[in-house]
2 protein chains.
Amino acid sequence: MYPISFEKLVNILEKLPGVGNKTAQRYAFNLLENSQEEIDDFVEAIKGIQNIKRCKKCGFLSDEDECLICKDKSRITQSIMVVAYPQDLVAIEKTGSYKGEYHVLNGLISSSKGVFPQDLNIDALLNRIDPSIKEVIIATSPTMDGEMTALYLDKILKDKNILVTRLAHGLPMGSSLDYADDLTLIKALDNRRKIENG
Amino acid sequence: MYPISFEKLVNILEKLPGVGNKTAQRYAFNLLENSQEEIDDFVEAIKGIQNIKRCKKCGFLSDEDECLICKDKSRITQSIMVVAYPQDLVAIEKTGSYKGEYHVLNGLISSSKGVFPQDLNIDALLNRIDPSIKEVIIATSPTMDGEMTALYLDKILKDKNILVTRLAHGLPMGSSLDYADDLTLIKALDNRRKIENG
């Protein structure tokens, strides 16, 4: 019933993750209300995807060969934090408490999804390891795939004689102890620390 | 931190209704995985919005001056069903139980949103009313704005000496009576019908 141009628009929007037919239609009707200028902006933004590459050094998103973080001369180059996805890098950056460099794997080793080490940005990581690097912080999520990837990286980095660390696991701040799951409680107990007085 | 092209993409996607920053990022990362061909298709679909007009006769979406329904010679031209939005027309069409023509108001009279009769596709409706039209079915939603619009249309159509009807209100099929709200129950009671055998 809808004109072909509209059906095409809905079909394309339906390909976005988690978007069903109803939501795609809602987006399409919203786009119909846009001015010609807004449509042009939308088209430009989509076309801009062509300019987005992976940083040759760390794998983060970048408009150029090297990303904004790798180009930043104020970063401490002695430590590399390994994250799975660009979003994770951004989450860490937002805290403002890490000043080293990053390495984005762009995925996690996953037996269920059939993702193997060679599918990830791991070779580039190994190429970055030289005597100037003092620490590699593995910051993958504490999920099954994240743990698997961390173990794999730990194994191959150990031979390189550098300190390999991992983000701490435990109770999230502000959470209620009785709502924590068993695994989190076990980790929190295992990793308990002596209270240090000022 | 993200490259400018990526930020622009997220900003544009955030303008879709109900899409926040997290969802826009999710869409953006998904689009990044697309092939050049898929990106081109997306761009074409967005550009296609320019081809979508309102049918000159009924106000429904159309690629041409007249929509697919108004061009369909098999429709019964004696009755016009008035709906608020194109989606409503499609919902009725899907039932397959209405063979007349439609008129899409493209909105509802709303005191809260400041929408007045002159903002809607009502003049074109009045122009369509001639002695060949036997019935106008008002199929606005049973909401405050929908009721207000129905009352207004009923008032201006009465002078034209045509039968004006309204979709029935009552219990939705398959619903549980004790979950129905008071207004629905009152309507269902008011509009009760004699059970007809065979």
# chains A, B, ... in the order shown; residues from 1 in each chain; ligands from 1
>>> select_by_dssp(residues="chain A", states="strand (DSSP E)", output="list in words")
Lys53, Arg54, Leu61, Ser62, Ile76, Thr77, Gln78, Ser79, Ile80, Met81, Val82, Val83, Gly100, Glu101, Tyr102, His103, Val104, Glu135, Val136, Ile137, Ile138, Leu163, Val164, Thr165 and Arg166 of chain A
>>> residues_around(residues="Tyr27 (chain B)", least_positions_apart="5", cutoff="9 Å", atoms="only C-alpha atoms", output="PDB file with N, CA and C atoms, in the first residue's frame")
ATOM      1  N   LEU A  16      18.725  -1.887  10.949  1.00  0.00           N
ATOM      2  CA  LEU A  16      19.444  -1.410  12.137  1.00  0.00           C
ATOM      3  C   LEU A  16      19.205  -2.413  13.270  1.00  0.00           C
ATOM      4  N   PRO A  17      20.181  -2.584  14.171  1.00  0.00           N
ATOM      5  CA  PRO A  17      20.051  -3.632  15.188  1.00  0.00           C
ATOM      6  C   PRO A  17      18.888  -3.369  16.146  1.00  0.00           C
TER       7      PRO A  17
ATOM      8  N   VAL B  10      26.515   9.742  14.726  1.00  0.00           N
ATOM      9  CA  VAL B  10      25.777   9.499  15.973  1.00  0.00           C
ATOM     10  C   VAL B  10      24.779  10.639  16.212  1.00  0.00           C
ATOM     11  N   LEU B  13      21.751  10.236  13.958  1.00  0.00           N
ATOM     12  CA  LEU B  13      20.908   9.095  14.338  1.00  0.00           C
ATOM     13  C   LEU B  13      20.151   9.376  15.635  1.00  0.00           C
ATOM     14  N   LYS B  22      23.149   6.135  23.489  1.00  0.00           N
ATOM     15  CA  LYS B  22      23.601   4.732  23.477  1.00  0.00           C
ATOM     16  C   LYS B  22      23.087   4.007  22.240  1.00  0.00           C
ATOM     17  N   LEU B  32      28.828   0.926  10.508  1.00  0.00           N
ATOM     18  CA  LEU B  32      30.255   0.827  10.174  1.00  0.00           C
ATOM     19  C   LEU B  32      30.601  -0.535   9.591  1.00  0.00           C
TER      20      LEU B  32
END
>>> closest_atom_pairs(of="chain B", to="chain A", cutoff="7 Å", atoms="only C-alpha atoms", output="JSON lines")
{"residue": "B:Met1", "atom": "CA", "partner": "A:Leu68", "partner_atom": "CA", "distance": 6.6}
{"residue": "B:Tyr2", "atom": "CA", "partner": "A:Leu61", "partner_atom": "CA", "distance": 6.5}
{"residue": "B:Pro3", "atom": "CA", "partner": "A:Ser62", "partner_atom": "CA", "distance": 5.1}
{"residue": "B:Ser5", "atom": "CA", "partner": "A:Gly48", "partner_atom": "CA", "distance": 5.5}
{"residue": "B:Phe6", "atom": "CA", "partner": "A:Ile52", "partner_atom": "CA", "distance": 6.9}
{"residue": "B:Lys8", "atom": "CA", "partner": "A:Ala45", "partner_atom": "CA", "distance": 5.9}
{"residue": "B:Leu9", "atom": "CA", "partner": "A:Ala45", "partner_atom": "CA", "distance": 5.0}
{"residue": "B:Ile12", "atom": "CA", "partner": "A:Phe42", "partner_atom": "CA", "distance": 6.1}
{"residue": "B:Leu16", "atom": "CA", "partner": "A:Tyr27", "partner_atom": "CA", "distance": 5.9}
{"residue": "B:Pro17", "atom": "CA", "partner": "A:Tyr27", "partner_atom": "CA", "distance": 6.5}
{"residue": "B:Tyr27", "atom": "CA", "partner": "A:Leu16", "partner_atom": "CA", "distance": 5.9}
{"residue": "B:Asn30", "atom": "CA", "partner": "A:Leu16", "partner_atom": "CA", "distance": 6.9}
{"residue": "B:Leu32", "atom": "CA", "partner": "A:Ile49", "partner_atom": "CA", "distance": 6.5}
{"residue": "B:Phe42", "atom": "CA", "partner": "A:Ile12", "partner_atom": "CA", "distance": 6.2}
{"residue": "B:Val43", "atom": "CA", "partner": "A:Val43", "partner_atom": "CA", "distance": 5.7}
{"residue": "B:Ala45", "atom": "CA", "partner": "A:Leu9", "partner_atom": "CA", "distance": 5.0}
{"residue": "B:Ile46", "atom": "CA", "partner": "A:Leu9", "partner_atom": "CA", "distance": 6.4}
{"residue": "B:Gly48", "atom": "CA", "partner": "A:Ser5", "partner_atom": "CA", "distance": 5.5}
{"residue": "B:Ile49", "atom": "CA", "partner": "A:Leu32", "partner_atom": "CA", "distance": 6.5}
{"residue": "B:Asn51", "atom": "CA", "partner": "A:Ser5", "partner_atom": "CA", "distance": 6.8}
{"residue": "B:Ile52", "atom": "CA", "partner": "A:Ser5", "partner_atom": "CA", "distance": 6.6}
{"residue": "B:Leu61", "atom": "CA", "partner": "A:Tyr2", "partner_atom": "CA", "distance": 6.5}
{"residue": "B:Ser62", "atom": "CA", "partner": "A:Pro3", "partner_atom": "CA", "distance": 5.1}
{"residue": "B:Asp63", "atom": "CA", "partner": "A:Pro3", "partner_atom": "CA", "distance": 5.5}
{"residue": "B:Leu68", "atom": "CA", "partner": "A:Met1", "partner_atom": "CA", "distance": 6.6}
{"residue": "B:Val90", "atom": "CA", "partner": "A:Met1", "partner_atom": "CA", "distance": 7.0}
>>> closest_residue(among="A:Gly59, A:Ile129, A:Glu101, A:Ala139", to="Asp88 (chain A)", atoms="only C-alpha atoms")
A:Ala139
>>> residues_around(residues="Pro172 (chain B)", least_positions_apart="2", cutoff="12 Å", atoms="only C-alpha atoms", output="MDAnalysis selection string")
chainID B and resid 168:170 174:177 179:181 184:185 187:188
>>> write_last_selection(atoms="N, CA, C and O atoms", output="PDB file, in the first residue's frame")
ATOM      1  N   ALA B 168     -16.968   1.443  16.037  1.00  0.00           N
ATOM      2  CA  ALA B 168     -17.519   1.079  17.336  1.00  0.00           C
ATOM      3  C   ALA B 168     -16.442   1.080  18.419  1.00  0.00           C
ATOM      4  O   ALA B 168     -15.275   0.792  18.158  1.00  0.00           O
ATOM      5  N   HIS B 169     -16.878   1.422  19.619  1.00  0.00           N
ATOM      6  CA  HIS B 169     -15.996   1.324  20.786  1.00  0.00           C
ATOM      7  C   HIS B 169     -16.518   0.215  21.676  1.00  0.00           C
ATOM      8  O   HIS B 169     -17.725   0.042  21.812  1.00  0.00           O
ATOM      9  N   GLY B 170     -15.645  -0.513  22.287  1.00  0.00           N
ATOM     10  CA  GLY B 170     -16.071  -1.585  23.175  1.00  0.00           C
ATOM     11  C   GLY B 170     -14.897  -2.433  23.587  1.00  0.00           C
ATOM     12  O   GLY B 170     -13.741  -1.997  23.470  1.00  0.00           O
ATOM     13  N   GLY B 174     -10.627 -10.848  22.469  1.00  0.00           N
ATOM     14  CA  GLY B 174      -9.582 -11.614  23.122  1.00  0.00           C
ATOM     15  C   GLY B 174      -9.100 -10.991  24.425  1.00  0.00           C
ATOM     16  O   GLY B 174      -8.190 -11.494  25.061  1.00  0.00           O
ATOM     17  N   SER B 175      -9.714  -9.869  24.819  1.00  0.00           N
ATOM     18  CA  SER B 175      -9.263  -9.208  26.047  1.00  0.00           C
ATOM     19  C   SER B 175     -10.011  -9.773  27.240  1.00  0.00           C
ATOM     20  O   SER B 175     -11.043 -10.433  27.109  1.00  0.00           O
ATOM     21  N   SER B 176      -9.491  -9.495  28.410  1.00  0.00           N
ATOM     22  CA  SER B 176     -10.089  -9.963  29.640  1.00  0.00           C
ATOM     23  C   SER B 176     -10.931  -8.824  30.204  1.00  0.00           C
ATOM     24  O   SER B 176     -10.439  -7.703  30.346  1.00  0.00           O
ATOM     25  N   LEU B 177     -12.194  -9.105  30.505  1.00  0.00           N
ATOM     26  CA  LEU B 177     -13.112  -8.050  30.957  1.00  0.00           C
ATOM     27  C   LEU B 177     -12.594  -7.319  32.187  1.00  0.00           C
ATOM     28  O   LEU B 177     -12.669  -6.096  32.279  1.00  0.00           O
ATOM     29  N   TYR B 179      -9.711  -6.635  33.017  1.00  0.00           N
ATOM     30  CA  TYR B 179      -8.564  -5.771  32.758  1.00  0.00           C
ATOM     31  C   TYR B 179      -8.963  -4.522  31.967  1.00  0.00           C
ATOM     32  O   TYR B 179      -8.153  -3.642  31.747  1.00  0.00           O
ATOM     33  N   ALA B 180     -10.227  -4.483  31.514  1.00  0.00           N
ATOM     34  CA  ALA B 180     -10.675  -3.330  30.723  1.00  0.00           C
ATOM     35  C   ALA B 180     -10.806  -2.110  31.635  1.00  0.00           C
ATOM     36  O   ALA B 180     -11.171  -2.229  32.805  1.00  0.00           O
ATOM     37  N   ASP B 181     -10.489  -0.929  31.088  1.00  0.00           N
ATOM     38  CA  ASP B 181     -10.630   0.282  31.905  1.00  0.00           C
ATOM     39  C   ASP B 181     -12.096   0.694  31.965  1.00  0.00           C
ATOM     40  O   ASP B 181     -12.928   0.234  31.186  1.00  0.00           O
ATOM     41  N   THR B 184     -13.881   2.101  28.761  1.00  0.00           N
ATOM     42  CA  THR B 184     -14.151   1.064  27.761  1.00  0.00           C
ATOM     43  C   THR B 184     -15.373   0.257  28.171  1.00  0.00           C
ATOM     44  O   THR B 184     -16.249  -0.046  27.346  1.00  0.00           O
ATOM     45  N   LEU B 185     -15.468  -0.078  29.464  1.00  0.00           N
ATOM     46  CA  LEU B 185     -16.607  -0.850  29.952  1.00  0.00           C
ATOM     47  C   LEU B 185     -17.907  -0.070  29.787  1.00  0.00           C
ATOM     48  O   LEU B 185     -18.932  -0.627  29.373  1.00  0.00           O
ATOM     49  N   LYS B 187     -18.524   2.280  27.596  1.00  0.00           N
ATOM     50  CA  LYS B 187     -18.825   2.310  26.156  1.00  0.00           C
ATOM     51  C   LYS B 187     -19.404   0.968  25.711  1.00  0.00           C
ATOM     52  O   LYS B 187     -20.352   0.903  24.920  1.00  0.00           O
ATOM     53  N   ALA B 188     -18.806  -0.117  26.205  1.00  0.00           N
ATOM     54  CA  ALA B 188     -19.242  -1.460  25.814  1.00  0.00           C
ATOM     55  C   ALA B 188     -20.674  -1.710  26.276  1.00  0.00           C
ATOM     56  O   ALA B 188     -21.464  -2.363  25.582  1.00  0.00           O
TER      57      ALA B 188
END
>>> closest_residue(among="A:Pro142, A:Met148, A:Met173, A:Ile80", to="His103 (chain A)", atoms="only C-alpha atoms")
A:Ile80
>>> atom_distance(atom1="CA of Asn106 (chain A)", atom2="CA of Ala24 (chain A)")
27.8 Å
>>> residues_around(residues="Leu126 (chain B)", least_positions_apart="5", cutoff="12 Å", atoms="only C-alpha atoms", output="mmCIF file with all heavy atoms, in the first residue's frame")
data_model
loop_
_atom_site.group_PDB
_atom_site.id
_atom_site.type_symbol
_atom_site.label_atom_id
_atom_site.label_comp_id
_atom_site.auth_asym_id
_atom_site.auth_seq_id
_atom_site.Cartn_x
_atom_site.Cartn_y
_atom_site.Cartn_z
ATOM 1 N N LYS B 57 -5.563 13.682 -3.730
ATOM 2 C CA LYS B 57 -6.976 13.425 -3.458
ATOM 3 C C LYS B 57 -7.220 13.119 -1.981
ATOM 4 O O LYS B 57 -8.028 13.769 -1.331
ATOM 5 C CB LYS B 57 -7.451 12.257 -4.328
ATOM 6 C CG LYS B 57 -8.935 11.991 -4.261
ATOM 7 C CD LYS B 57 -9.330 10.929 -5.290
ATOM 8 C CE LYS B 57 -10.770 10.482 -5.066
ATOM 9 N NZ LYS B 57 -11.079 9.292 -5.881
ATOM 10 N N CYS B 58 -6.466 12.154 -1.436
ATOM 11 C CA CYS B 58 -6.815 11.665 -0.095
ATOM 12 C C CYS B 58 -5.785 11.990 0.984
ATOM 13 O O CYS B 58 -6.063 11.800 2.167
ATOM 14 C CB CYS B 58 -7.057 10.156 -0.140
ATOM 15 S SG CYS B 58 -5.536 9.191 -0.197
ATOM 16 N N ILE B 80 -16.213 7.051 2.219
ATOM 17 C CA ILE B 80 -14.875 7.556 2.525
ATOM 18 C C ILE B 80 -14.613 7.294 4.000
ATOM 19 O O ILE B 80 -15.422 7.686 4.852
ATOM 20 C CB ILE B 80 -14.773 9.077 2.257
ATOM 21 C CG1 ILE B 80 -15.031 9.381 0.776
ATOM 22 C CG2 ILE B 80 -13.407 9.614 2.690
ATOM 23 C CD1 ILE B 80 -15.053 10.880 0.455
ATOM 24 N N VAL B 82 -12.342 8.259 7.098
ATOM 25 C CA VAL B 82 -11.407 9.309 7.500
ATOM 26 C C VAL B 82 -10.508 8.793 8.608
ATOM 27 O O VAL B 82 -10.995 8.355 9.658
ATOM 28 C CB VAL B 82 -12.166 10.557 7.990
ATOM 29 C CG1 VAL B 82 -11.198 11.654 8.395
ATOM 30 C CG2 VAL B 82 -13.123 11.054 6.914
ATOM 31 N N HIS B 103 -9.598 8.942 3.462
ATOM 32 C CA HIS B 103 -9.088 10.307 3.512
ATOM 33 C C HIS B 103 -8.193 10.416 4.746
ATOM 34 O O HIS B 103 -8.619 10.092 5.859
ATOM 35 C CB HIS B 103 -10.227 11.325 3.572
ATOM 36 C CG HIS B 103 -9.753 12.699 3.245
ATOM 37 N ND1 HIS B 103 -9.630 13.161 1.946
ATOM 38 C CD2 HIS B 103 -9.305 13.693 4.034
ATOM 39 C CE1 HIS B 103 -9.159 14.384 1.951
ATOM 40 N NE2 HIS B 103 -8.948 14.738 3.207
ATOM 41 N N LEU B 105 -6.149 12.595 7.345
ATOM 42 C CA LEU B 105 -6.087 13.969 7.872
ATOM 43 C C LEU B 105 -4.648 14.426 8.099
ATOM 44 O O LEU B 105 -4.360 15.619 8.118
ATOM 45 C CB LEU B 105 -6.849 14.058 9.194
ATOM 46 C CG LEU B 105 -8.350 13.735 9.155
ATOM 47 C CD1 LEU B 105 -8.910 13.750 10.579
ATOM 48 C CD2 LEU B 105 -9.081 14.749 8.291
ATOM 49 N N LEU B 120 -5.079 20.665 9.354
ATOM 50 C CA LEU B 120 -5.278 19.295 8.879
ATOM 51 C C LEU B 120 -5.811 19.278 7.443
ATOM 52 O O LEU B 120 -6.246 20.304 6.923
ATOM 53 C CB LEU B 120 -6.257 18.554 9.803
ATOM 54 C CG LEU B 120 -5.858 18.502 11.278
ATOM 55 C CD1 LEU B 120 -6.923 17.788 12.090
ATOM 56 C CD2 LEU B 120 -4.516 17.808 11.456
ATOM 57 N N ASN B 121 -5.792 18.095 6.858
ATOM 58 C CA ASN B 121 -6.216 17.896 5.470
ATOM 59 C C ASN B 121 -7.750 17.789 5.389
ATOM 60 O O ASN B 121 -8.291 16.808 4.902
ATOM 61 C CB ASN B 121 -5.530 16.619 4.957
ATOM 62 C CG ASN B 121 -5.735 16.374 3.491
ATOM 63 O OD1 ASN B 121 -5.970 17.314 2.732
ATOM 64 N ND2 ASN B 121 -5.670 15.103 3.087
ATOM 65 N N ILE B 133 -21.361 10.416 -2.770
ATOM 66 C CA ILE B 133 -20.852 9.877 -1.496
ATOM 67 C C ILE B 133 -22.030 9.591 -0.569
ATOM 68 O O ILE B 133 -22.825 10.480 -0.264
ATOM 69 C CB ILE B 133 -19.899 10.878 -0.798
ATOM 70 C CG1 ILE B 133 -18.799 11.367 -1.744
ATOM 71 C CG2 ILE B 133 -19.324 10.277 0.485
ATOM 72 C CD1 ILE B 133 -17.767 10.348 -2.114
ATOM 73 N N VAL B 136 -19.642 8.675 5.271
ATOM 74 C CA VAL B 136 -18.295 9.016 5.736
ATOM 75 C C VAL B 136 -18.099 8.314 7.073
ATOM 76 O O VAL B 136 -18.866 8.528 8.014
ATOM 77 C CB VAL B 136 -18.094 10.539 5.886
ATOM 78 C CG1 VAL B 136 -16.746 10.837 6.545
ATOM 79 C CG2 VAL B 136 -18.173 11.236 4.530
ATOM 80 N N LEU B 153 -15.621 16.904 12.860
ATOM 81 C CA LEU B 153 -15.952 16.453 11.507
ATOM 82 C C LEU B 153 -17.447 16.164 11.386
ATOM 83 O O LEU B 153 -18.083 16.498 10.383
ATOM 84 C CB LEU B 153 -15.134 15.207 11.145
ATOM 85 C CG LEU B 153 -13.638 15.426 10.939
ATOM 86 C CD1 LEU B 153 -12.944 14.095 10.684
ATOM 87 C CD2 LEU B 153 -13.380 16.381 9.770
ATOM 88 N N ASP B 154 -17.994 15.524 12.425
ATOM 89 C CA ASP B 154 -19.415 15.203 12.426
ATOM 90 C C ASP B 154 -20.229 16.487 12.261
ATOM 91 O O ASP B 154 -21.180 16.537 11.470
ATOM 92 C CB ASP B 154 -19.777 14.515 13.743
ATOM 93 C CG ASP B 154 -21.228 14.071 13.762
ATOM 94 O OD1 ASP B 154 -21.660 13.483 12.744
ATOM 95 O OD2 ASP B 154 -21.916 14.313 14.760
ATOM 96 N N ILE B 156 -19.353 19.450 10.906
ATOM 97 C CA ILE B 156 -19.296 20.112 9.600
ATOM 98 C C ILE B 156 -19.838 19.230 8.473
ATOM 99 O O ILE B 156 -20.227 19.741 7.432
ATOM 100 C CB ILE B 156 -17.869 20.617 9.236
ATOM 101 C CG1 ILE B 156 -16.843 19.486 9.243
ATOM 102 C CG2 ILE B 156 -17.423 21.738 10.169
ATOM 103 C CD1 ILE B 156 -15.521 19.883 8.601
ATOM 104 N N LEU B 157 -19.894 17.907 8.704
ATOM 105 C CA LEU B 157 -20.388 17.022 7.636
ATOM 106 C C LEU B 157 -21.912 16.875 7.670
ATOM 107 O O LEU B 157 -22.533 16.567 6.659
ATOM 108 C CB LEU B 157 -19.726 15.643 7.735
ATOM 109 C CG LEU B 157 -18.250 15.580 7.329
ATOM 110 C CD1 LEU B 157 -17.643 14.241 7.721
ATOM 111 C CD2 LEU B 157 -18.076 15.821 5.823
ATOM 112 N N LYS B 158 -22.505 17.119 8.853
ATOM 113 C CA LYS B 158 -23.956 16.958 9.023
ATOM 114 C C LYS B 158 -24.723 17.829 8.020
ATOM 115 O O LYS B 158 -25.741 17.404 7.468
ATOM 116 C CB LYS B 158 -24.355 17.335 10.441
ATOM 117 C CG LYS B 158 -24.825 16.133 11.241
ATOM 118 C CD LYS B 158 -25.204 16.546 12.653
ATOM 119 C CE LYS B 158 -25.348 15.330 13.553
ATOM 120 N NZ LYS B 158 -25.139 15.662 14.962
ATOM 121 N N ASP B 159 -24.237 19.042 7.809
ATOM 122 C CA ASP B 159 -24.904 19.980 6.895
ATOM 123 C C ASP B 159 -24.947 19.444 5.463
ATOM 124 O O ASP B 159 -25.763 19.869 4.654
ATOM 125 C CB ASP B 159 -24.162 21.333 6.878
ATOM 126 C CG ASP B 159 -23.881 21.840 8.279
ATOM 127 O OD1 ASP B 159 -24.669 21.508 9.193
ATOM 128 O OD2 ASP B 159 -22.877 22.563 8.454
ATOM 129 N N LYS B 160 -24.046 18.519 5.161
ATOM 130 C CA LYS B 160 -23.919 18.024 3.785
ATOM 131 C C LYS B 160 -24.908 16.903 3.485
ATOM 132 O O LYS B 160 -24.909 16.348 2.383
ATOM 133 C CB LYS B 160 -22.490 17.497 3.549
ATOM 134 C CG LYS B 160 -21.412 18.538 3.820
ATOM 135 C CD LYS B 160 -20.888 19.141 2.542
ATOM 136 C CE LYS B 160 -19.850 20.213 2.844
ATOM 137 N NZ LYS B 160 -19.374 20.862 1.630
ATOM 138 N N ILE B 162 -25.106 13.722 4.522
ATOM 139 C CA ILE B 162 -24.598 12.365 4.288
ATOM 140 C C ILE B 162 -24.556 11.634 5.622
ATOM 141 O O ILE B 162 -24.420 12.247 6.689
ATOM 142 C CB ILE B 162 -23.149 12.294 3.742
ATOM 143 C CG1 ILE B 162 -22.523 13.684 3.715
ATOM 144 C CG2 ILE B 162 -23.050 11.530 2.447
ATOM 145 C CD1 ILE B 162 -21.050 13.640 3.690
#
>>> select_by_dssp(residues="region 23-182 of chain B", states="helix (DSSP H, G or I)", output="MDAnalysis selection string")
chainID B and resid 23:32 36:51 68:71 86:95 117:119 123:128 144:158 177:179 182
>>> residues_around(residues="Pro131 (chain B)", least_positions_apart="3", cutoff="12 Å", atoms="only C-alpha atoms", output="ChimeraX atom specification")
/B:77-79,127-128,134-135,160-163
>>> atom_distance(atom1="CA of Arg166 (chain B)", atom2="CA of Ile137 (chain B)")
5.4 Å
>>> residues_around(residues="Gly146 (chain B)", least_positions_apart="2", cutoff="10 Å", atoms="only C-alpha atoms", output="number ranges by chain")
B: 83-84, 107-110, 138-144, 148-152
>>> write_last_selection(atoms="N, CA, C and O atoms", output="PDB file, in the first residue's frame")
ATOM      1  N   VAL B  83      -9.191   8.786   8.358  1.00  0.00           N
ATOM      2  CA  VAL B  83      -8.234   8.354   9.386  1.00  0.00           C
ATOM      3  C   VAL B  83      -7.256   9.485   9.682  1.00  0.00           C
ATOM      4  O   VAL B  83      -7.109  10.417   8.884  1.00  0.00           O
ATOM      5  N   ALA B  84      -6.604   9.392  10.836  1.00  0.00           N
ATOM      6  CA  ALA B  84      -5.685  10.459  11.231  1.00  0.00           C
ATOM      7  C   ALA B  84      -4.354  10.333  10.488  1.00  0.00           C
ATOM      8  O   ALA B  84      -3.826  11.326   9.972  1.00  0.00           O
ATOM      9  N   GLY B 107      -3.021  14.091  10.943  1.00  0.00           N
ATOM     10  CA  GLY B 107      -2.992  14.708  12.261  1.00  0.00           C
ATOM     11  C   GLY B 107      -4.358  14.672  12.906  1.00  0.00           C
ATOM     12  O   GLY B 107      -5.311  14.134  12.332  1.00  0.00           O
ATOM     13  N   LEU B 108      -4.422  15.198  14.117  1.00  0.00           N
ATOM     14  CA  LEU B 108      -5.681  15.280  14.854  1.00  0.00           C
ATOM     15  C   LEU B 108      -5.772  16.666  15.469  1.00  0.00           C
ATOM     16  O   LEU B 108      -4.748  17.265  15.802  1.00  0.00           O
ATOM     17  N   ILE B 109      -7.005  17.158  15.593  1.00  0.00           N
ATOM     18  CA  ILE B 109      -7.186  18.428  16.299  1.00  0.00           C
ATOM     19  C   ILE B 109      -6.719  18.211  17.736  1.00  0.00           C
ATOM     20  O   ILE B 109      -7.063  17.204  18.355  1.00  0.00           O
ATOM     21  N   SER B 110      -5.894  19.110  18.246  1.00  0.00           N
ATOM     22  CA  SER B 110      -5.377  18.929  19.598  1.00  0.00           C
ATOM     23  C   SER B 110      -5.183  20.277  20.268  1.00  0.00           C
ATOM     24  O   SER B 110      -4.383  21.100  19.808  1.00  0.00           O
ATOM     25  N   ILE B 138     -15.893   7.864  10.248  1.00  0.00           N
ATOM     26  CA  ILE B 138     -14.807   8.531  10.970  1.00  0.00           C
ATOM     27  C   ILE B 138     -14.072   7.491  11.805  1.00  0.00           C
ATOM     28  O   ILE B 138     -14.643   6.888  12.715  1.00  0.00           O
ATOM     29  N   ALA B 139     -12.803   7.267  11.482  1.00  0.00           N
ATOM     30  CA  ALA B 139     -12.029   6.206  12.121  1.00  0.00           C
ATOM     31  C   ALA B 139     -10.822   6.783  12.843  1.00  0.00           C
ATOM     32  O   ALA B 139      -9.704   6.309  12.688  1.00  0.00           O
ATOM     33  N   THR B 140     -11.077   7.820  13.641  1.00  0.00           N
ATOM     34  CA  THR B 140      -9.984   8.352  14.461  1.00  0.00           C
ATOM     35  C   THR B 140      -9.890   7.503  15.720  1.00  0.00           C
ATOM     36  O   THR B 140     -10.860   6.845  16.103  1.00  0.00           O
ATOM     37  N   SER B 141      -8.721   7.497  16.353  1.00  0.00           N
ATOM     38  CA  SER B 141      -8.532   6.695  17.569  1.00  0.00           C
ATOM     39  C   SER B 141      -9.414   7.227  18.699  1.00  0.00           C
ATOM     40  O   SER B 141      -9.694   8.416  18.760  1.00  0.00           O
ATOM     41  N   PRO B 142      -9.868   6.345  19.595  1.00  0.00           N
ATOM     42  CA  PRO B 142     -10.699   6.794  20.716  1.00  0.00           C
ATOM     43  C   PRO B 142      -9.882   7.441  21.823  1.00  0.00           C
ATOM     44  O   PRO B 142      -9.949   7.043  22.978  1.00  0.00           O
ATOM     45  N   THR B 143      -9.086   8.446  21.455  1.00  0.00           N
ATOM     46  CA  THR B 143      -8.338   9.235  22.430  1.00  0.00           C
ATOM     47  C   THR B 143      -9.012  10.599  22.517  1.00  0.00           C
ATOM     48  O   THR B 143      -9.948  10.880  21.773  1.00  0.00           O
ATOM     49  N   MET B 144      -8.530  11.463  23.393  1.00  0.00           N
ATOM     50  CA  MET B 144      -9.161  12.764  23.552  1.00  0.00           C
ATOM     51  C   MET B 144      -9.109  13.529  22.227  1.00  0.00           C
ATOM     52  O   MET B 144     -10.114  14.058  21.752  1.00  0.00           O
ATOM     53  N   MET B 148     -12.266  14.540  19.795  1.00  0.00           N
ATOM     54  CA  MET B 148     -12.455  15.963  19.473  1.00  0.00           C
ATOM     55  C   MET B 148     -12.547  16.141  17.946  1.00  0.00           C
ATOM     56  O   MET B 148     -13.426  16.840  17.438  1.00  0.00           O
ATOM     57  N   THR B 149     -11.649  15.498  17.238  1.00  0.00           N
ATOM     58  CA  THR B 149     -11.631  15.593  15.775  1.00  0.00           C
ATOM     59  C   THR B 149     -12.902  14.977  15.181  1.00  0.00           C
ATOM     60  O   THR B 149     -13.496  15.534  14.252  1.00  0.00           O
ATOM     61  N   ALA B 150     -13.329  13.839  15.756  1.00  0.00           N
ATOM     62  CA  ALA B 150     -14.533  13.170  15.265  1.00  0.00           C
ATOM     63  C   ALA B 150     -15.756  14.074  15.440  1.00  0.00           C
ATOM     64  O   ALA B 150     -16.581  14.203  14.525  1.00  0.00           O
ATOM     65  N   LEU B 151     -15.844  14.705  16.599  1.00  0.00           N
ATOM     66  CA  LEU B 151     -16.979  15.601  16.862  1.00  0.00           C
ATOM     67  C   LEU B 151     -16.985  16.764  15.877  1.00  0.00           C
ATOM     68  O   LEU B 151     -18.023  17.146  15.341  1.00  0.00           O
ATOM     69  N   TYR B 152     -15.809  17.323  15.661  1.00  0.00           N
ATOM     70  CA  TYR B 152     -15.688  18.459  14.738  1.00  0.00           C
ATOM     71  C   TYR B 152     -16.123  18.057  13.325  1.00  0.00           C
ATOM     72  O   TYR B 152     -16.914  18.757  12.678  1.00  0.00           O
TER      73      TYR B 152
END
>>> decode(residues="region 26-35 of chain B", atoms="C-alpha atoms", output="CSV table (one decimal), in the first residue's frame")
chain,number,residue,atom,x,y,z
B,26,ARG,CA,24.8,1.1,18.5
B,27,TYR,CA,23.2,2.0,15.1
B,28,ALA,CA,26.4,3.8,14.1
B,29,PHE,CA,28.7,0.9,14.9
B,30,ASN,CA,26.3,-1.4,13.1
B,31,LEU,CA,26.4,0.9,10.0
B,32,LEU,CA,30.3,0.8,10.2
B,33,GLU,CA,30.1,-2.9,9.5
B,34,ASN,CA,28.2,-2.4,6.3
B,35,SER,CA,29.7,-2.9,2.9
